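I have placed the structure first, in the form of structure tokens, so that the comments after it can refer back to it.
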Amino acid sequence: MKNTISFFLNGTLKEIQVNAETTVLELLRNSLELNGIKEGCGEGDCGACTVVIGEVRDGKVHYKSAAGCLYLAAKLEGKHVITIEGLAEKEKLHPIQEAILKAHATQCGFCTPGVSLSILALYLERKNPTKEEFRRYLEGNLCRCTGYVSIRKVPEYLKELMVCSEDIRLKYLSETEEKQMNFIQEDIYADDGIHGFYSPVSEANLLEFLQNHPEFTEGNIRFLNGGSDVVVGIKKHGQHYRLLVDLSRIETLHKISVNKKSITLGGGVSLARMIDSVQDIFPEFSDTVLKMCSEQMRSIATVAGNIANASPVADTVPLLMAVDAILTINGPRGLRAIPVREFFKGYKKLAKQEEEWISAITIPLGEYNFIHFEKVSKRREVDISSVNSAIALKVENGIIKTAHVASGGVGATTLYMRNTSGFLRGREMKEETFSEAYETIAAEATPIGDVRGSAEYRKAVLQNLLMKHYLAYESSQEVDGHEA
Ligand SMILES: Cc1cc2nc3c(=O)[nH]c(=O)nc-3n(C[C@H](O)[C@H](O)[C@H](O)COP(=O)(O)OP(=O)(O)OC[C@H]3O[C@@H](n4cnc5c(N)ncnc54)[C@H](O)[C@@H]3O)c2cc1C
Ligand code: FES
Ligand code: FES
């Protein structure tokens with residue numbers, strides 16, 4: 001067990017003291033005096049604080065962009081942080097910086113370090129990125145002066161500047177990757193009596209730790225995964241914890257297994273990895289997650305965190321409820337399974353104890369012939385839902401044999417719409433069936449009004465989303481203007 005953190009910074013090994021609440025942004029700017037990283041919003045919305053993080057996964061170092069304002073420095077053990085200071089070699093600019101200049105994609109320069117590092121993460125991870133991938137990686141980088149047209153031109157200039165894809169790799173990457181591959185991971189625990197931080201490398205170690213520390217129980221322990229919710233709570237809402245338990249270094253929680261009948265995601269799988277891994281077998285889930293946050297957030301935020309945060313507008317939950325996904329819960333009481341539909345007991349109240357964690361999420365496959373998710377938010381990207389809804393249907397010969405509807409933003413938790421699902425079952429798959437279900441779904445919803453919308457507005461949106469599910473079904477049946 002260690003009480004310090006060792007990580008690589010632009011190819012150089014660093015050792016730091018554990019401070020449970022210090023972010024990478026604070027570490028770089030305040031302690032290490034690397035001021036290239038910028039602070040804009042401080043809550044994951046603008047991309048000014050983007051860094052690239054290299055970490056070992058499946059026997060290889062993978063790179064991702066991450067929001068430094070929400071990434072706790074204590075999670076960096078064995079990782080490689082690349083900042084804007086690590087790009088140029090003395091006076092020679094990196095090809096990405098050169099391409100940004102040629103594309104006139106920088107003016108005041110405030111967003112430019114973040115933009116450069118988002119592009120670097122993209123090119124390190126995907127050799128020949130498509131336009132869509134460029135858009136996906138850059139959607140979280142706000143620029144207030146240059147305009148996105150010039151930023152979108154960067155890949156054209158980069159193509160001209162690069163002789164081969166290896167030109168993108170920084171000189172120190174190979175050597176650092178070798179050191180990372182040989183890095184021995186062990187538990188980390190540090191406690192100053194006010195804020196403690198524990199980061200185990202296995203679920204067995206975590207269980208043993210909890211047994212040996214009965215003082216950390218209900219009310220004073222908080223699991224941390226990506227931290228995209230927890231760190232916003234710490235930094236913006238003054239929510240502090242006696243002990244943060246980092247689940248993100250537990251290797252078994254990063255497993256993704258797929259077979260014909262189901263997908264199982266470990267409780268540490270990030271939204272970004274999930275998108276790439278299930279795109280071909282469960283595109284509806286990938287599409288749902290692509291509508292959430294931005295790449296530098298999706299690369300750290302997890303599916304389990306989205307569920308356990310228990311937000312009534314969590315975007316993965318309606319879909320997981322609709323398809324009847326099952327959670328595997330682990331902890332001092334042992335392993336047990338809980339359907340997502342039964343996991344929420346009230347506002348932020350879960351059917352698990354504080355010291356139990358989501359070890360896996362199992363999603364059944366092949367039971368439905370139409371699955372669809374819709375969200376309404378104030379802007380299309382990087383915004384949480386006002387109301388969201390998912391449906392899973394089995395339709396045979398124009399009759400709805402199976403129907404499951406779940407919706408968020410219309411109650412204290414995401415709601416499985418039992419009555420609406422029952423109403424649809426056995427009826428004809430036609431527009432009238434869905435408009436006839438309006439009253440039932442409105443009666444099942446219990447919204448309250450807030451800044452995102454009044455209770456009446458939320459009910460009206462919910463009814464419209466139900467109809468949108470039907471319209472999406474109808475258009476999925478049309479191929480080139482003909483019935484499929
Ligand atoms: C800028 C921004 C944009 C966002 N956009 C969206 C959006 O569009 N849609 C949306 O739904 N959400 C959105 N979110 C919310 C957030 O990103 C997601 O809820 C995310 O999936 C949380 O995952 P995490 O790993 O970061 O959770 P963390 O912050 O690490 O944890 C969240 C909660 O879950 C618990 N937890 C985490 N993992 C486990 C586990 N394995 N077992 C038990 N408990 C666990 C933690 O204790 C904590 O209570 C956004 C957040 C930000 C900051
Ligand atoms: S400072 Fe805006 S995303 Fe981090
Ligand atoms: S160049 Fe000024 S914010 Fe992008």
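Order determines the names: the first chain of the structure tokens is A, the second B, and so forth; residues in each chain are numbered 1 upward, and ligands are numbered 1 upward as they are shown.
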
Give me, as a tab-separated table, each residue of chain A that comes within 9 Å of ligand 2, together with its shortest interatomic pair and the distance in Å at one decimal, counting only C-alpha atoms and all ligand atoms, with rows ordered by chain and rising residue number.
residue	atom	partner	partner_atom_place_in_ligand_line	distance
A:Leu25	CA	ligand 2	4 (Fe)	7.8
A:Ile37	CA	ligand 2	1 (S)	8.9
A:Lys38	CA	ligand 2	1 (S)	6.6
A:Glu39	CA	ligand 2	1 (S)	4.1
A:Gly40	CA	ligand 2	1 (S)	4.0
A:Cys41	CA	ligand 2	2 (Fe)	3.9
A:Gly42	CA	ligand 2	1 (S)	3.8
A:Glu43	CA	ligand 2	4 (Fe)	5.4
A:Gly44	CA	ligand 2	3 (S)	3.4
A:Asp45	CA	ligand 2	3 (S)	4.5
A:Cys46	CA	ligand 2	2 (Fe)	3.8
A:Gly47	CA	ligand 2	3 (S)	4.1
A:Ala48	CA	ligand 2	1 (S)	5.2
A:Cys49	CA	ligand 2	4 (Fe)	4.5
A:Thr50	CA	ligand 2	4 (Fe)	6.7
A:Ala66	CA	ligand 2	3 (S)	8.8
A:Ala67	CA	ligand 2	4 (Fe)	5.1
A:Gly68	CA	ligand 2	4 (Fe)	5.8
A:Cys69	CA	ligand 2	4 (Fe)	4.3
A:Leu70	CA	ligand 2	4 (Fe)	6.7
A:Gly140	CA	ligand 2	3 (S)	7.7
A:Asn141	CA	ligand 2	3 (S)	8.0
A:Leu142	CA	ligand 2	2 (Fe)	8.7
A:Gln296	CA	ligand 2	3 (S)	8.2
A:Met297	CA	ligand 2	3 (S)	8.5

Find the residues near ligand 3. Use a cut-off of 12 Å, count only C-alpha atoms and all ligand atoms, and write them as a ChimeraX atom specification.
/A:38-40,46-48,100-101,104-116,141-151

Residues of stretch 56-171 of chain A at most 8 Å from stretch 18-21 of chain A: nearest atom pair and distance in Å, only C-alpha atoms, as a Markdown table:
| residue | atom | partner | partner_atom | distance |
| --- | --- | --- | --- | --- |
| A:Leu72 | CA | A:Glu21 | CA | 6.6 |
| A:Ala73 | CA | A:Asn19 | CA | 7.7 |
| A:Ala74 | CA | A:Val18 | CA | 5.6 |

List as a ChimeraX atom specification the protein and nucleic acid residues lying within 6 Å of ligand 1, with only C-alpha atoms and all ligand atoms counted.
/A:43-45,222-230,267-268,292-293,301-306,308-309,314-315,357-359,382-384

Filtering to N, CA and C atoms, could you give me those residues as a tab-separated table (two decimals), in the first residue's frame?
chain	number	residue	atom	x	y	z
A	43	GLU	N	-16.37	23.02	-14.65
A	43	GLU	CA	-17.32	21.92	-14.42
A	43	GLU	C	-17.60	21.08	-15.67
A	44	GLY	N	-16.58	20.93	-16.51
A	44	GLY	CA	-16.70	19.98	-17.61
A	44	GLY	C	-17.41	20.47	-18.86
A	45	ASP	N	-17.74	21.75	-18.91
A	45	ASP	CA	-18.57	22.24	-20.02
A	45	ASP	C	-17.81	22.86	-21.19
A	222	ARG	N	-17.64	7.68	0.04
A	222	ARG	CA	-18.24	7.95	-1.28
A	222	ARG	C	-17.38	7.31	-2.36
A	223	PHE	N	-17.99	6.46	-3.16
A	223	PHE	CA	-17.24	5.89	-4.28
A	223	PHE	C	-17.02	6.95	-5.34
A	224	LEU	N	-15.92	6.76	-6.04
A	224	LEU	CA	-15.56	7.69	-7.09
A	224	LEU	C	-15.18	6.84	-8.29
A	225	ASN	N	-15.73	7.21	-9.46
A	225	ASN	CA	-15.34	6.47	-10.66
A	225	ASN	C	-14.69	7.50	-11.57
A	226	GLY	N	-15.44	7.99	-12.59
A	226	GLY	CA	-14.88	9.08	-13.40
A	226	GLY	C	-14.78	10.37	-12.59
A	227	GLY	N	-15.70	10.54	-11.66
A	227	GLY	CA	-15.70	11.76	-10.83
A	227	GLY	C	-16.47	12.91	-11.46
A	228	SER	N	-17.11	12.68	-12.60
A	228	SER	CA	-17.75	13.81	-13.29
A	228	SER	C	-18.93	14.36	-12.50
A	229	ASP	N	-19.54	13.55	-11.65
A	229	ASP	CA	-20.58	14.07	-10.75
A	229	ASP	C	-19.97	14.41	-9.40
A	230	VAL	N	-19.15	13.50	-8.87
A	230	VAL	CA	-18.62	13.70	-7.51
A	230	VAL	C	-17.78	14.99	-7.44
A	267	GLY	N	-18.33	-2.37	-13.83
A	267	GLY	CA	-18.76	-1.14	-13.15
A	267	GLY	C	-17.81	0.02	-13.27
A	268	GLY	N	-16.73	-0.14	-14.07
A	268	GLY	CA	-15.80	0.98	-14.28
A	268	GLY	C	-15.68	1.35	-15.75
A	292	MET	N	-24.72	12.27	-24.83
A	292	MET	CA	-24.39	12.72	-23.48
A	292	MET	C	-23.05	13.46	-23.45
A	293	CYS	N	-22.91	14.43	-22.62
A	293	CYS	CA	-21.67	15.16	-22.31
A	293	CYS	C	-20.84	15.46	-23.56
A	301	ALA	N	-16.25	9.56	-17.54
A	301	ALA	CA	-17.52	9.21	-16.88
A	301	ALA	C	-17.89	7.78	-17.20
A	302	THR	N	-18.53	7.10	-16.25
A	302	THR	CA	-18.85	5.69	-16.45
A	302	THR	C	-20.36	5.46	-16.53
A	303	VAL	N	-20.72	4.30	-17.07
A	303	VAL	CA	-22.13	3.91	-17.13
A	303	VAL	C	-22.63	3.68	-15.70
A	304	ALA	N	-21.81	2.97	-14.88
A	304	ALA	CA	-22.22	2.69	-13.49
A	304	ALA	C	-22.43	3.99	-12.72
A	305	GLY	N	-21.55	4.98	-12.95
A	305	GLY	CA	-21.66	6.27	-12.26
A	305	GLY	C	-22.94	6.98	-12.66
A	306	ASN	N	-23.31	6.85	-13.93
A	306	ASN	CA	-24.55	7.48	-14.41
A	306	ASN	C	-25.76	6.87	-13.69
A	308	ALA	N	-25.63	5.06	-10.65
A	308	ALA	CA	-25.56	5.22	-9.19
A	308	ALA	C	-25.72	6.67	-8.74
A	309	ASN	N	-25.48	7.60	-9.64
A	309	ASN	CA	-25.67	9.00	-9.27
A	309	ASN	C	-27.15	9.30	-9.01
A	314	ALA	N	-30.76	11.04	-15.68
A	314	ALA	CA	-29.63	10.27	-16.20
A	314	ALA	C	-30.05	9.65	-17.54
A	315	ASP	N	-29.19	9.78	-18.54
A	315	ASP	CA	-29.61	9.37	-19.88
A	315	ASP	C	-29.52	7.88	-20.17
A	357	TRP	N	-21.04	-1.63	-4.17
A	357	TRP	CA	-20.79	-1.00	-5.46
A	357	TRP	C	-21.38	-1.81	-6.60
A	358	ILE	N	-21.59	-1.13	-7.73
A	358	ILE	CA	-22.05	-1.83	-8.94
A	358	ILE	C	-20.82	-2.47	-9.57
A	359	SER	N	-20.83	-3.78	-9.60
A	359	SER	CA	-19.69	-4.50	-10.14
A	359	SER	C	-19.86	-4.72	-11.64
A	382	VAL	N	-23.69	18.42	-25.14
A	382	VAL	CA	-23.17	18.76	-23.82
A	382	VAL	C	-24.25	19.41	-22.94
A	383	ASP	N	-25.39	18.77	-22.87
A	383	ASP	CA	-26.43	19.32	-21.99
A	383	ASP	C	-27.25	18.18	-21.41
A	384	ILE	N	-27.63	18.34	-20.14
A	384	ILE	CA	-28.43	17.29	-19.54
A	384	ILE	C	-29.89	17.44	-19.98

Any chance you could list, as an MDAnalysis selection string, the residues in stretch 56-276 of chain A that come up strand (DSSP E) when DSSP is run on the backbone?
chainID A and resid 56:57 60:67 80:82 188:191 196:199 221:224 243:246 256:258 262:266

Write out as JSON lines the residues of stretch 238-305 of chain A that have any atom within 9 Å of an atom of stretch 184-200 of chain A, one row each with the nearest atom pair and its distance in Å to one decimal, counting only C-alpha atoms, sorted by chain and then rising number.
{"residue": "A:His240", "atom": "CA", "partner": "A:His195", "partner_atom": "CA", "distance": 8.0}
{"residue": "A:Tyr241", "atom": "CA", "partner": "A:His195", "partner_atom": "CA", "distance": 6.5}
{"residue": "A:Arg242", "atom": "CA", "partner": "A:His195", "partner_atom": "CA", "distance": 4.9}
{"residue": "A:Leu243", "atom": "CA", "partner": "A:Gly196", "partner_atom": "CA", "distance": 4.4}
{"residue": "A:Leu244", "atom": "CA", "partner": "A:Phe197", "partner_atom": "CA", "distance": 4.9}
{"residue": "A:Val245", "atom": "CA", "partner": "A:Tyr198", "partner_atom": "CA", "distance": 4.9}
{"residue": "A:Asp246", "atom": "CA", "partner": "A:Ser199", "partner_atom": "CA", "distance": 4.7}
{"residue": "A:Leu247", "atom": "CA", "partner": "A:Ser199", "partner_atom": "CA", "distance": 6.6}
{"residue": "A:Ser248", "atom": "CA", "partner": "A:Ser199", "partner_atom": "CA", "distance": 7.9}
{"residue": "A:Arg249", "atom": "CA", "partner": "A:Pro200", "partner_atom": "CA", "distance": 6.7}
{"residue": "A:Ile250", "atom": "CA", "partner": "A:Pro200", "partner_atom": "CA", "distance": 6.5}

Print the selection's residues with C-alpha atoms to a file, as a PDB file, in the first residue's frame.
ATOM      1  CA  HIS A 240     -16.972  16.974   0.988  1.00  0.00           C
ATOM      2  CA  TYR A 241     -16.440  13.389   2.022  1.00  0.00           C
ATOM      3  CA  ARG A 242     -14.559  11.751   4.874  1.00  0.00           C
ATOM      4  CA  LEU A 243     -13.299   9.028   2.509  1.00  0.00           C
ATOM      5  CA  LEU A 244     -13.277   8.882  -1.267  1.00  0.00           C
ATOM      6  CA  VAL A 245     -12.907   5.344  -2.613  1.00  0.00           C
ATOM      7  CA  ASP A 246     -11.626   5.342  -6.172  1.00  0.00           C
ATOM      8  CA  LEU A 247     -12.987   2.379  -8.161  1.00  0.00           C
ATOM      9  CA  SER A 248     -11.300   3.393 -11.410  1.00  0.00           C
ATOM     10  CA  ARG A 249      -8.092   1.335 -11.001  1.00  0.00           C
ATOM     11  CA  ILE A 250      -9.878  -1.994 -10.391  1.00  0.00           C
TER      12      ILE A 250
END

If we count only C-alpha atoms and set the cut-off at 12 Å, which residues sit around A:Val451, ignoring sequence neighbours fewer than 6 positions away in its own chain? Please answer as a PyMOL selection string.
chain A and resi 377-378+386+457-458

Pick out each residue of stretch 65-258 of chain A that DSSP on the backbone tags as helix (DSSP H, G or I); I need them as a VMD selection string.
chain A and resid 73 to 75 84 to 86 95 to 102 112 to 125 131 to 138 148 to 152 154 to 161 165 to 168 173 to 181 203 to 212 230 to 237 251 to 254

Would you list the contacts of A:Thr362 as an mmCIF file with C-alpha atoms, in the first residue's frame, taking every protein, DNA or RNA residue within 8 Å and counting only C-alpha atoms, but skipping same-chain residues closer than 5 positions in sequence?
data_model
loop_
_atom_site.group_PDB
_atom_site.id
_atom_site.type_symbol
_atom_site.label_atom_id
_atom_site.label_comp_id
_atom_site.auth_asym_id
_atom_site.auth_seq_id
_atom_site.Cartn_x
_atom_site.Cartn_y
_atom_site.Cartn_z
ATOM 1 C CA SER A 262 -26.141 -10.252 -23.541
ATOM 2 C CA ILE A 263 -23.552 -7.547 -23.048
ATOM 3 C CA THR A 264 -21.894 -7.254 -19.653
ATOM 4 C CA LEU A 265 -20.170 -3.994 -18.787
ATOM 5 C CA ALA A 325 -30.799 -4.596 -17.601
ATOM 6 C CA ILE A 326 -29.570 -6.264 -14.407
ATOM 7 C CA LEU A 327 -26.984 -4.867 -11.977
ATOM 8 C CA THR A 328 -24.521 -7.059 -10.131
#

Please provide the set of residues having any atom within 9 Å of A:Thr413, restricted to only C-alpha atoms, with same-chain residues fewer than 3 positions apart removed, written as JSON, numbers by chain.
{"A": [310, 311, 312, 313, 344, 345, 346, 347, 348, 349, 408, 409, 410]}

Residue contacts of A:Glu284 (8 Å, only C-alpha atoms) excluding same-chain residues fewer than 5 positions away, as a VMD selection string
chain A and resid 371 to 373

Could you dump the residues just selected with C-alpha atoms as a PDB file, in the first residue's frame?
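Full text of again-v4.pdb as output:
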ATOM      1  CA  ILE A 371     -35.449   0.087 -29.263  1.00  0.00           C
ATOM      2  CA  HIS A 372     -35.394   3.864 -29.211  1.00  0.00           C
ATOM      3  CA  PHE A 373     -34.210   6.718 -26.957  1.00  0.00           C
TER       4      PHE A 373
END

From atom CA of A:Asp167 to atom CA of A:Pro95 the spacing works out at 7.6 Å

Could you pull the residues within 9 Å of A:Leu210, counting only C-alpha atoms, minus those fewer than 5 positions along the same chain, as a JSON list (two decimals) with C-alpha atoms, in the first residue's frame?
[["chain", "number", "residue", "atom", "x", "y", "z"],
["A", 205, "ASN", "CA", -8.67, -5.61, -1.63],
["A", 215, "GLU", "CA", -15.44, 3.40, 10.85],
["A", 216, "PHE", "CA", -16.03, 4.09, 7.14],
["A", 217, "THR", "CA", -19.66, 3.21, 6.64],
["A", 331, "GLY", "CA", -19.87, -5.48, -1.17],
["A", 332, "PRO", "CA", -19.61, -6.70, 2.41],
["A", 355, "GLU", "CA", -20.46, 0.59, 0.90]]

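With only C-alpha atoms as the atoms that count, the minimum distance from A:Leu173 to the choices A:Asn369, A:Asn10, A:Ser270, A:Thr420 is reached by A:Asn10.
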
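Using only C-alpha atoms for every distance, the candidate list A:Pro339, A:Gly59, A:Pro155, A:Pro318 yields A:Pro318 as the residue closest to A:Val387.
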
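One distance worth recording is that between atom CA of A:Lys64 and atom CA of A:Glu295, which is 8.5 Å.
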
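Our summary of the geometry notes that atom CA of A:Lys102 is positioned 6.9 Å from atom CA of A:Tyr157.
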
Considering only C-alpha atoms, tabulate each residue of stretch 124-228 of chain A that lies at most 12 Å from stretch 275-283 of chain A along with its nearest interatomic pair and the corresponding distance in Å to one decimal; arrange the rows by chain and ascending residue number and present them as a tab-separated table.
residue	atom	partner	partner_atom	distance
A:Glu125	CA	A:Asp276	CA	11.9
A:Arg126	CA	A:Asp276	CA	11.7
A:Glu133	CA	A:Asp276	CA	11.3
A:Arg136	CA	A:Ile275	CA	11.5
